[in-house]
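**Student:** Next comes the structure file structure.txt, holding compact mmCIF, C-alpha atoms.
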```txt
# COMPACT_ATOMS: atom_id res chain seq x y z
CA MET A 216 -67.61 -157.57 357.76
CA VAL A 217 -67.93 -153.96 358.96
CA ASN A 218 -65.43 -152.62 361.49
CA LYS A 219 -65.76 -149.44 363.53
CA LEU A 220 -63.55 -146.41 362.97
CA GLY A 221 -63.19 -144.21 366.06
CA ILE A 222 -63.81 -140.59 365.06
CA ALA A 223 -63.12 -137.30 366.83
CA VAL A 224 -64.05 -133.78 365.75
CA VAL A 225 -61.92 -130.86 366.94
CA GLY A 226 -63.65 -127.49 366.74
CA PHE A 227 -67.45 -127.53 366.73
CA GLY A 228 -68.63 -124.48 364.87
CA TRP A 229 -70.68 -124.84 361.71
CA MET A 230 -68.03 -126.86 359.87
CA GLY A 231 -67.67 -129.26 362.78
CA ARG A 232 -71.38 -129.97 362.51
CA VAL A 233 -71.07 -130.50 358.75
CA HIS A 234 -68.31 -133.09 359.24
CA THR A 235 -70.26 -134.86 361.97
CA GLN A 236 -73.39 -135.08 359.83
CA ALA A 237 -71.32 -136.37 356.91
CA TYR A 238 -69.99 -139.22 359.06
CA ALA A 239 -73.52 -140.09 360.14
CA ARG A 240 -74.74 -140.26 356.52
CA LEU A 241 -71.77 -142.20 355.19
CA PRO A 242 -73.16 -145.74 355.74
CA HIS A 243 -76.38 -144.80 353.95
CA HIS A 244 -74.72 -143.53 350.78
CA PHE A 245 -71.63 -145.77 350.74
CA PRO A 246 -72.66 -149.01 352.49
CA GLN A 247 -69.85 -150.92 350.76
CA LEU A 248 -67.21 -149.33 353.00
CA PRO A 249 -65.81 -151.92 355.42
CA LEU A 250 -65.17 -149.20 358.03
CA ARG A 251 -68.08 -147.49 359.76
CA PRO A 252 -67.47 -144.19 361.61
CA GLU A 253 -68.13 -144.24 365.35
CA LEU A 254 -68.35 -140.82 367.03
CA VAL A 255 -65.98 -141.15 369.98
CA THR A 256 -65.25 -137.62 371.18
CA VAL A 257 -65.65 -133.95 370.33
CA ALA A 258 -63.42 -131.09 371.53
CA ASP A 259 -64.05 -127.36 371.63
CA GLU A 260 -62.60 -124.71 373.94
CA VAL A 261 -65.86 -122.73 374.22
CA PRO A 262 -67.52 -123.74 377.51
CA GLY A 263 -70.46 -126.06 376.98
CA ARG A 264 -70.14 -126.34 373.20
CA ALA A 265 -68.54 -129.80 373.15
CA GLU A 266 -70.97 -131.14 375.73
CA GLU A 267 -73.92 -129.87 373.70
CA ALA A 268 -72.49 -131.46 370.56
CA ALA A 269 -72.02 -134.78 372.34
CA GLU A 270 -75.60 -134.81 373.55
CA ARG A 271 -77.05 -133.76 370.21
CA TYR A 272 -75.01 -135.98 367.87
CA GLY A 273 -74.15 -138.95 370.07
CA PHE A 274 -70.43 -138.58 370.72
CA ALA A 275 -69.39 -140.88 373.57
CA SER A 276 -67.48 -138.08 375.33
CA ALA A 277 -66.61 -134.38 375.20
CA ALA A 278 -63.45 -132.38 375.95
CA ARG A 279 -62.31 -128.76 376.22
CA ASP A 280 -58.71 -129.46 375.19
CA TRP A 281 -57.89 -131.02 371.79
CA ARG A 282 -54.78 -132.61 373.36
CA GLU A 283 -57.08 -135.08 375.06
CA VAL A 284 -58.12 -136.24 371.59
CA ALA A 285 -54.50 -136.81 370.54
CA ALA A 286 -53.97 -138.99 373.63
CA ASP A 287 -57.23 -140.95 373.27
CA PRO A 288 -56.54 -144.54 372.07
CA ARG A 289 -60.15 -144.95 370.96
CA VAL A 290 -59.65 -142.31 368.24
CA ARG A 291 -58.19 -143.42 364.92
CA ALA A 292 -59.30 -140.50 362.74
CA VAL A 293 -59.82 -136.81 363.45
CA SER A 294 -61.70 -134.02 361.72
CA ILE A 295 -59.90 -130.71 362.27
CA THR A 296 -62.44 -127.91 361.90
CA ALA A 297 -60.89 -125.43 364.32
CA PRO A 298 -59.87 -121.88 363.23
CA ASN A 299 -57.06 -121.55 360.66
CA PHE A 300 -54.35 -120.49 363.10
CA LEU A 301 -54.70 -123.79 364.99
CA HIS A 302 -54.48 -126.05 361.94
CA ARG A 303 -50.72 -126.55 361.99
CA GLU A 304 -50.37 -127.29 365.70
CA ILE A 305 -53.35 -129.64 365.84
CA GLY A 306 -52.62 -131.28 362.49
CA VAL A 307 -49.00 -132.06 363.32
CA ALA A 308 -49.90 -133.33 366.80
CA MET A 309 -52.63 -135.63 365.51
CA ALA A 310 -50.36 -137.04 362.82
CA GLU A 311 -47.57 -137.65 365.33
CA ALA A 312 -50.12 -139.43 367.52
CA GLY A 313 -50.85 -141.77 364.61
CA LYS A 314 -54.28 -140.36 363.78
CA HIS A 315 -55.58 -140.02 360.22
CA ILE A 316 -56.85 -136.47 359.64
CA TRP A 317 -59.56 -134.78 357.59
CA ILE A 318 -58.58 -131.13 357.81
CA GLU A 319 -60.32 -128.06 356.50
CA LYS A 320 -58.55 -125.79 354.06
CA PRO A 321 -56.37 -123.72 353.97
CA VAL A 322 -54.41 -126.00 356.40
CA GLY A 323 -52.83 -123.18 358.37
CA LEU A 324 -51.89 -119.63 357.53
CA THR A 325 -49.01 -120.18 355.10
CA ALA A 326 -47.43 -122.70 352.76
CA GLU A 327 -44.97 -123.47 355.57
CA ASP A 328 -47.88 -124.47 357.81
CA ALA A 329 -49.46 -126.70 355.15
CA ARG A 330 -46.10 -128.31 354.42
CA ALA A 331 -45.52 -129.03 358.12
CA VAL A 332 -48.83 -130.91 358.33
CA ALA A 333 -48.18 -132.79 355.09
CA ASP A 334 -44.68 -133.78 356.26
CA ALA A 335 -45.99 -134.98 359.63
CA LEU A 336 -48.61 -137.16 357.93
CA GLY A 337 -45.99 -138.60 355.60
CA LYS A 338 -43.59 -139.45 358.43
CA ALA A 339 -46.36 -141.04 360.48
CA GLY A 340 -47.65 -143.07 357.54
CA VAL A 341 -51.25 -141.97 358.08
CA GLN A 342 -53.80 -140.63 355.62
CA GLY A 343 -54.93 -137.03 355.17
CA THR A 344 -57.85 -135.49 353.29
CA VAL A 345 -58.34 -131.73 352.80
CA GLY A 346 -61.64 -129.84 352.61
CA PHE A 347 -61.59 -128.71 348.98
CA ASN A 348 -65.20 -129.81 348.58
CA TYR A 349 -66.20 -128.05 345.35
CA ARG A 350 -64.10 -130.42 343.25
CA ASN A 351 -66.40 -133.20 344.55
CA ALA A 352 -69.41 -131.90 342.61
CA PRO A 353 -70.21 -134.49 339.91
CA ALA A 354 -70.53 -131.67 337.36
CA VAL A 355 -67.00 -130.48 338.16
CA GLU A 356 -65.68 -134.00 337.67
CA ALA A 357 -67.59 -134.17 334.38
CA ALA A 358 -66.06 -130.86 333.28
CA ARG A 359 -62.61 -132.19 334.08
CA GLU A 360 -63.26 -135.25 331.92
CA LEU A 361 -64.47 -133.05 329.04
CA VAL A 362 -61.31 -130.98 329.23
CA ALA A 363 -58.99 -134.00 329.54
CA SER A 364 -60.65 -135.81 326.61
CA GLY A 365 -60.07 -132.86 324.28
CA GLU A 366 -63.78 -132.38 323.57
CA ILE A 367 -63.41 -128.60 323.72
CA GLY A 368 -60.02 -128.62 322.00
CA THR A 369 -56.93 -127.16 323.62
CA VAL A 370 -57.83 -124.98 326.60
CA THR A 371 -57.01 -121.34 325.95
CA HIS A 372 -58.37 -119.55 329.01
CA VAL A 373 -60.48 -119.90 332.14
CA ARG A 374 -62.31 -117.54 334.49
CA ILE A 375 -62.94 -118.68 338.07
CA ARG A 376 -65.13 -116.62 340.41
CA LEU A 377 -65.97 -116.91 344.11
CA PHE A 378 -68.20 -114.03 345.18
CA SER A 379 -69.99 -113.94 348.53
CA ASP A 380 -71.58 -111.44 350.89
CA TYR A 381 -70.82 -113.15 354.22
CA ALA A 382 -68.59 -110.23 355.28
CA ALA A 383 -70.44 -107.45 353.45
CA HIS A 384 -72.31 -106.07 356.48
CA PRO A 385 -70.27 -103.35 358.22
CA GLU A 386 -71.54 -104.62 361.58
CA GLY A 387 -69.89 -108.01 361.06
CA ALA A 388 -67.87 -108.77 364.20
CA LEU A 389 -64.08 -108.42 364.21
CA THR A 390 -63.41 -112.13 364.78
CA TRP A 391 -60.19 -114.07 364.19
CA ARG A 392 -61.06 -114.22 360.49
CA TYR A 393 -60.07 -110.56 360.06
CA GLU A 394 -56.76 -110.75 361.91
CA ARG A 395 -53.52 -111.48 360.04
CA GLU A 396 -52.03 -113.48 362.92
CA ARG A 397 -54.99 -115.80 363.38
CA GLY A 398 -56.93 -115.58 360.11
CA GLY A 399 -54.07 -115.39 357.64
CA ALA A 400 -54.70 -113.84 354.25
CA GLY A 401 -58.42 -113.13 354.50
CA VAL A 402 -60.46 -113.98 351.43
CA LEU A 403 -57.40 -115.68 349.93
CA GLY A 404 -57.64 -118.46 352.51
CA ASP A 405 -61.44 -118.43 352.76
CA LEU A 406 -62.39 -118.51 349.07
CA ALA A 407 -59.42 -118.11 346.72
CA SER A 408 -57.98 -121.35 348.14
CA HIS A 409 -60.98 -123.16 346.64
CA GLY A 410 -60.46 -121.29 343.37
CA VAL A 411 -56.82 -122.34 343.19
CA ASP A 412 -57.75 -125.96 343.87
CA LEU A 413 -60.40 -125.88 341.13
CA ALA A 414 -57.90 -124.31 338.72
CA ARG A 415 -55.33 -127.03 339.37
CA PHE A 416 -57.93 -129.83 339.40
CA LEU A 417 -59.34 -128.76 336.05
CA LEU A 418 -56.31 -127.42 334.16
CA GLY A 419 -53.14 -128.55 335.90
CA ASP A 420 -50.22 -126.67 337.41
CA ILE A 421 -50.02 -122.88 337.59
CA ALA A 422 -46.70 -121.50 336.35
CA SER A 423 -46.91 -117.82 337.31
CA LEU A 424 -49.35 -115.15 338.45
CA THR A 425 -49.91 -111.52 339.27
CA ALA A 426 -52.50 -110.35 341.80
CA ASP A 427 -54.14 -107.31 343.37
CA THR A 428 -55.95 -107.20 346.71
CA ALA A 429 -58.06 -104.70 348.66
CA VAL A 430 -59.74 -104.13 352.03
CA PHE A 431 -63.08 -102.36 351.55
CA ILE A 432 -64.37 -102.40 355.17
CA PRO A 433 -61.30 -101.23 357.12
CA GLU A 434 -62.79 -101.36 360.65
CA ARG A 435 -65.15 -103.65 362.54
CA ALA A 436 -66.44 -103.88 366.12
CA ARG A 437 -64.87 -106.43 368.45
CA PRO A 438 -67.28 -109.10 369.79
CA THR A 439 -67.94 -109.24 373.52
CA GLY A 440 -68.28 -113.03 373.76
CA ALA A 441 -67.71 -116.31 371.94
CA THR A 442 -68.61 -116.30 368.27
CA ALA A 443 -69.51 -118.86 365.64
CA GLY A 444 -69.92 -118.24 361.94
CA HIS A 445 -70.32 -114.61 360.89
CA THR A 446 -71.72 -112.91 363.98
CA ARG A 447 -72.59 -109.21 364.09
CA ALA A 448 -71.33 -106.85 366.77
CA VAL A 449 -72.76 -103.43 367.54
CA GLY A 450 -71.25 -100.88 369.91
CA GLY A 451 -68.02 -102.73 370.60
CA GLU A 452 -64.58 -101.23 370.35
CA LEU A 453 -63.55 -100.76 366.73
CA GLY A 454 -60.43 -102.46 365.45
CA PRO A 455 -58.68 -102.70 362.08
CA VAL A 456 -59.41 -105.33 359.46
CA GLU A 457 -55.93 -106.64 358.74
CA ASN A 458 -56.49 -109.01 355.82
CA GLU A 459 -58.03 -108.94 352.38
CA ASP A 460 -61.69 -108.53 351.45
CA TYR A 461 -61.01 -108.96 347.73
CA VAL A 462 -58.47 -110.45 345.33
CA ASN A 463 -58.15 -110.67 341.58
CA CYS A 464 -55.39 -112.64 339.91
CA LEU A 465 -54.10 -113.33 336.41
CA LEU A 466 -52.82 -116.88 335.97
CA ARG A 467 -50.47 -118.52 333.49
CA PHE A 468 -50.73 -122.32 333.46
CA ALA A 469 -47.90 -124.69 332.65
CA SER A 470 -49.99 -125.82 329.65
CA GLY A 471 -49.88 -122.32 328.18
CA ALA A 472 -53.49 -121.52 329.06
CA ARG A 473 -54.35 -118.23 330.71
CA GLY A 474 -56.75 -117.58 333.57
CA VAL A 475 -58.48 -115.04 335.77
CA LEU A 476 -59.35 -115.84 339.39
CA GLU A 477 -61.45 -113.37 341.38
CA ALA A 478 -62.77 -113.71 344.93
CA SER A 479 -64.65 -111.40 347.29
CA ARG A 480 -66.23 -111.79 350.73
CA VAL A 481 -67.98 -108.38 350.60
CA SER A 482 -69.97 -108.58 347.32
CA VAL A 483 -73.44 -107.23 348.12
CA GLY A 484 -76.06 -109.10 346.12
CA GLU A 485 -73.90 -112.18 345.67
CA GLN A 486 -74.70 -115.28 347.67
CA ASN A 487 -72.23 -118.09 347.03
CA ASN A 488 -71.76 -117.10 343.40
CA TYR A 489 -69.04 -119.62 342.66
CA GLY A 490 -68.18 -121.10 339.29
CA PHE A 491 -65.98 -121.18 336.23
CA GLU A 492 -65.96 -120.82 332.45
CA ILE A 493 -63.35 -122.77 330.48
CA HIS A 494 -62.73 -121.97 326.82
CA GLY A 495 -60.93 -124.18 324.33
CA THR A 496 -60.04 -123.97 320.66
CA THR A 497 -63.23 -125.80 319.61
CA GLY A 498 -65.64 -125.37 322.53
CA ALA A 499 -66.35 -124.29 326.08
CA VAL A 500 -67.72 -125.59 329.38
CA SER A 501 -69.04 -123.62 332.35
CA TRP A 502 -70.45 -124.36 335.80
CA ASP A 503 -72.38 -122.38 338.41
CA TYR A 504 -72.32 -123.81 341.94
CA ARG A 505 -75.87 -122.54 342.50
CA ARG A 506 -77.01 -124.86 339.69
CA MET A 507 -74.76 -127.64 340.90
CA GLY A 508 -76.02 -130.43 338.66
CA GLU A 509 -75.71 -128.57 335.35
CA LEU A 510 -72.94 -127.87 332.88
CA ALA A 511 -73.22 -125.48 329.96
CA VAL A 512 -71.31 -127.14 327.12
CA SER A 513 -70.41 -126.00 323.61
CA ARG A 514 -68.62 -128.45 321.34
CA GLY A 515 -68.41 -129.12 317.64
CA THR A 516 -66.72 -127.70 314.56
CA SER A 517 -68.64 -124.46 313.95
CA TYR A 518 -66.34 -122.10 315.86
CA GLN A 519 -68.63 -119.10 315.26
CA ASP A 520 -72.26 -119.11 316.40
CA GLN A 521 -71.76 -122.56 317.92
CA PRO A 522 -74.71 -123.41 320.19
CA VAL A 523 -74.47 -124.10 323.92
CA SER A 524 -76.38 -127.00 325.44
CA THR A 525 -77.17 -127.93 329.03
CA LEU A 526 -75.78 -131.20 330.35
CA TYR A 527 -77.58 -132.52 333.43
CA VAL A 528 -75.21 -134.74 335.36
CA GLY A 529 -76.38 -138.18 336.39
CA PRO A 530 -75.32 -141.55 337.77
CA GLY A 531 -72.37 -141.81 335.39
CA HIS A 532 -70.67 -138.70 336.77
CA GLY A 533 -68.50 -138.70 339.89
CA GLU A 534 -70.29 -140.07 342.96
CA TYR A 535 -73.74 -138.93 341.83
CA ALA A 536 -75.17 -142.45 341.85
CA ALA A 537 -74.65 -142.70 345.62
CA PHE A 538 -77.24 -139.95 346.08
CA GLN A 539 -79.74 -139.91 343.19
CA PRO A 540 -81.05 -142.53 340.73
CA GLY A 541 -81.39 -140.35 337.64
CA SER A 542 -80.13 -137.20 335.97
CA ALA A 543 -81.23 -133.70 337.01
CA ASN A 544 -82.11 -134.61 340.61
CA SER A 545 -80.61 -132.00 342.91
CA MET A 546 -77.61 -132.39 345.19
CA GLY A 547 -76.46 -129.91 347.84
CA TYR A 548 -73.43 -128.63 349.73
CA ASP A 549 -73.68 -131.23 352.50
CA ASP A 550 -73.64 -133.99 349.90
CA LEU A 551 -70.21 -132.77 348.75
CA LYS A 552 -68.93 -133.19 352.30
CA VAL A 553 -70.35 -136.73 352.44
CA ILE A 554 -68.30 -137.48 349.31
CA GLU A 555 -65.29 -135.97 351.05
CA ALA A 556 -65.90 -138.18 354.10
CA TYR A 557 -66.11 -141.17 351.75
CA HIS A 558 -62.74 -140.30 350.20
CA PHE A 559 -61.27 -139.96 353.70
CA VAL A 560 -62.53 -143.30 355.01
CA ARG A 561 -61.70 -145.05 351.74
CA SER A 562 -58.14 -143.71 351.99
CA ILE A 563 -57.86 -145.18 355.48
CA THR A 564 -59.37 -148.48 354.35
CA GLU A 565 -57.11 -148.98 351.33
CA GLY A 566 -54.00 -147.15 352.55
CA VAL A 567 -53.81 -144.92 349.46
CA PRO A 568 -55.07 -141.34 349.07
CA TYR A 569 -58.38 -140.47 347.45
CA GLY A 570 -59.67 -136.95 346.88
CA PRO A 571 -57.72 -133.78 347.70
CA THR A 572 -54.56 -134.52 349.70
CA PRO A 573 -52.17 -132.52 351.88
CA ALA A 574 -49.99 -132.15 348.78
CA ASP A 575 -52.90 -130.29 347.15
CA ALA A 576 -53.12 -128.08 350.24
CA VAL A 577 -49.42 -127.26 349.94
CA ALA A 578 -49.76 -126.41 346.25
CA SER A 579 -52.76 -124.17 346.99
CA ALA A 580 -50.95 -122.46 349.87
CA VAL A 581 -47.85 -121.83 347.76
CA THR A 582 -50.09 -120.16 345.18
CA LEU A 583 -51.87 -118.07 347.83
CA ASP A 584 -48.53 -116.92 349.27
CA ALA A 585 -47.49 -115.95 345.75
CA MET A 586 -50.70 -113.93 345.34
CA ALA A 587 -50.03 -112.02 348.54
CA ARG A 588 -46.43 -111.39 347.51
CA SER A 589 -47.46 -110.24 344.05
CA ALA A 590 -50.06 -107.84 345.44
CA GLU A 591 -47.49 -106.36 347.81
CA GLN A 592 -44.73 -106.03 345.20
CA GLY A 593 -46.85 -105.27 342.14
CA THR A 594 -45.05 -107.90 340.06
CA TRP A 595 -45.51 -111.26 338.39
CA VAL A 596 -44.44 -114.16 340.60
CA ASP A 597 -43.02 -117.42 339.24
CA LEU A 598 -44.25 -120.65 340.83
CA GLY A 599 -41.74 -122.86 339.07
```
Could you rewrite the structure in this file as structure tokens?

**Tutor:**
Amino acid sequence: MVNKLGIAVVGFGWMGRVHTQAYARLPHHFPQLPLRPELVTVADEVPGRAEEAAERYGFASAARDWREVAADPRVRAVSITAPNFLHREIGVAMAEAGKHIWIEKPVGLTAEDARAVADALGKAGVQGTVGFNYRNAPAVEAARELVASGEIGTVTHVRIRLFSDYAAHPEGALTWRYERERGGAGVLGDLASHGVDLARFLLGDIASLTADTAVFIPERARPTGATAGHTRAVGGELGPVENEDYVNCLLRFASGARGVLEASRVSVGEQNNYGFEIHGTTGAVSWDYRRMGELAVSRGTSYQDQPVSTLYVGPGHGEYAAFQPGSANSMGYDDLKVIEAYHFVRSITEGVPYGPTPADAVASAVTLDAMARSAEQGTWVDLG
């Protein structure tokens, strides 16, 4: 028997659409779920945006104020895809109202914010899933299994990169993303948060780190109206970019492994160049997000001149079988969010967490705070 799960989406920019589409696809890819999402209401403060979303995607109602969602008895689960500075207030309120939440990273601006949301969920006894979607790639799950099984020996070091050009244009509008008070720590929250989650997912806890950050486009023009995504603004009043365009970080893992994490939002010529290379005492494994279904793997006993082969992931890896029948068929970004929606609804169904949890968000945020502190002080920071 299939029961309905009343869903609300708060904040309807691009990510709000991604969540909504993931809910719509869920029954097709995971028909075994006994709960089926029902789009109850959508909230966004921009005039007309919620109403347009309701008409386009079939929400039963629309609202300007997210507080209406918290008070709506029809809603059992909420996607929080509003800007970062609203995550804590909305997340805590929804948890206290007894709603399960699927919240986008970085879950607020600081570790304190992420911890407040996690604590509220724990006290309310409701489930929470966090938008660390790259760990959902079947190839990433396969890499984790290779590492855990010892097939590349003992991990010695890893390099994680997240390079993008979404903020590279100097005419990019000075939106909330570039303000410390509303956007937090810039590229640390936008991209490095994913890098930290991948590092922990693949290799375990981070013990200490040292970081350096930079702002390469120090001023941008203020937008004259509502924005969504990465809008350009020409001729507006210039204001300062208050948070980071770039970060690089040296990591020491509790296992003894070493790592390098580098992220940039202003890398001209780089479009979503995300990935990692993990080296062990007898082999290596690497992944490029832009070739999502492939792993480059080296394993054996040669040590020197050991060949590298390509592993095409297939139905035996992660949730691949829910999307494609055989190896080397392509998956995309939106598919990773469908997997995330599956983890969320499964968590609600079974009452136990699946996928990245608020605890993972707290651990990531603690690491990001440590990066910012290290860059400011010029020192190593202990996470123990």

**Student:** Would you write out, as CSV, a table of all residues in stretch 227-336 of chain A that have an atom no more than 12 Å from an atom of stretch 398-415 of chain A, listing for each the closest atom pair and the distance in Å to one decimal, considering only C-alpha atoms and ordering rows by chain and rising residue number?

**Tutor:**
```
residue,atom,partner,partner_atom,distance
A:Ala297,CA,A:Gly398,CA,11.4
A:Pro298,CA,A:Gly398,CA,7.6
A:Asn299,CA,A:Gly398,CA,6.0
A:Phe300,CA,A:Gly398,CA,6.3
A:Leu301,CA,A:Gly398,CA,9.8
A:His302,CA,A:Gly398,CA,10.9
A:Glu319,CA,A:Asp405,CA,10.4
A:Lys320,CA,A:Ser408,CA,7.4
A:Pro321,CA,A:Gly404,CA,5.6
A:Val322,CA,A:Gly404,CA,9.1
A:Gly323,CA,A:Gly399,CA,7.9
A:Leu324,CA,A:Gly399,CA,4.8
A:Thr325,CA,A:Gly399,CA,7.4
A:Ala326,CA,A:Gly399,CA,11.0
A:Asp328,CA,A:Gly399,CA,11.0
A:Ala329,CA,A:Gly404,CA,11.9
```

**Student:** Box time for stretch 450-456 of chain A: axis-aligned, enclosing all its listed atoms, 4 Å extra on each side; report centre and edge lengths in Å to one decimal, as JSON.

**Tutor:**
```
{"center_x": -65.0, "center_y": -103.0, "center_z": 365.0, "size_x": 20.6, "size_y": 12.6, "size_z": 19.1}
```

**Student:** Quick one: residues within 7 Å of stretch 475-486 of chain A, all atoms listed in the file, excluding same-chain residues fewer than 2 positions away - as an mmCIF file with C-alpha atoms, in the frame of the given file?

**Tutor:**
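Just written: result-v7.cif:
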```cif
data_model
loop_
_atom_site.group_PDB
_atom_site.id
_atom_site.type_symbol
_atom_site.label_atom_id
_atom_site.label_comp_id
_atom_site.auth_asym_id
_atom_site.auth_seq_id
_atom_site.Cartn_x
_atom_site.Cartn_y
_atom_site.Cartn_z
ATOM 1 C CA VAL A 373 -60.480 -119.900 332.140
ATOM 2 C CA ARG A 374 -62.310 -117.540 334.490
ATOM 3 C CA ILE A 375 -62.940 -118.680 338.070
ATOM 4 C CA ARG A 376 -65.130 -116.620 340.410
ATOM 5 C CA LEU A 377 -65.970 -116.910 344.110
ATOM 6 C CA PHE A 378 -68.200 -114.030 345.180
ATOM 7 C CA SER A 379 -69.990 -113.940 348.530
ATOM 8 C CA ASP A 380 -71.580 -111.440 350.890
ATOM 9 C CA TYR A 381 -70.820 -113.150 354.220
ATOM 10 C CA ALA A 382 -68.590 -110.230 355.280
ATOM 11 C CA ALA A 383 -70.440 -107.450 353.450
ATOM 12 C CA VAL A 402 -60.460 -113.980 351.430
ATOM 13 C CA LEU A 406 -62.390 -118.510 349.070
ATOM 14 C CA ALA A 407 -59.420 -118.110 346.720
ATOM 15 C CA GLY A 410 -60.460 -121.290 343.370
ATOM 16 C CA ASP A 460 -61.690 -108.530 351.450
ATOM 17 C CA TYR A 461 -61.010 -108.960 347.730
ATOM 18 C CA VAL A 462 -58.470 -110.450 345.330
ATOM 19 C CA ASN A 463 -58.150 -110.670 341.580
ATOM 20 C CA CYS A 464 -55.390 -112.640 339.910
ATOM 21 C CA LEU A 465 -54.100 -113.330 336.410
ATOM 22 C CA LEU A 466 -52.820 -116.880 335.970
ATOM 23 C CA ASN A 488 -71.760 -117.100 343.400
#
```

**Student:** For A:Asn487, which residue out of A:Val577, A:Glu457, A:Ile305, A:Tyr349 is the nearest one, using all atoms listed in the file?

**Tutor:**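 The shortest atom-to-atom distance to A:Asn487 comes from A:Tyr349.
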
**Student:** Kindly indicate which residue among A:Pro353, A:Gly454, A:Pro288, A:Pro249 lies nearest to A:Val217, using all atoms listed in the file for the distances.

**Tutor:** A:Pro249
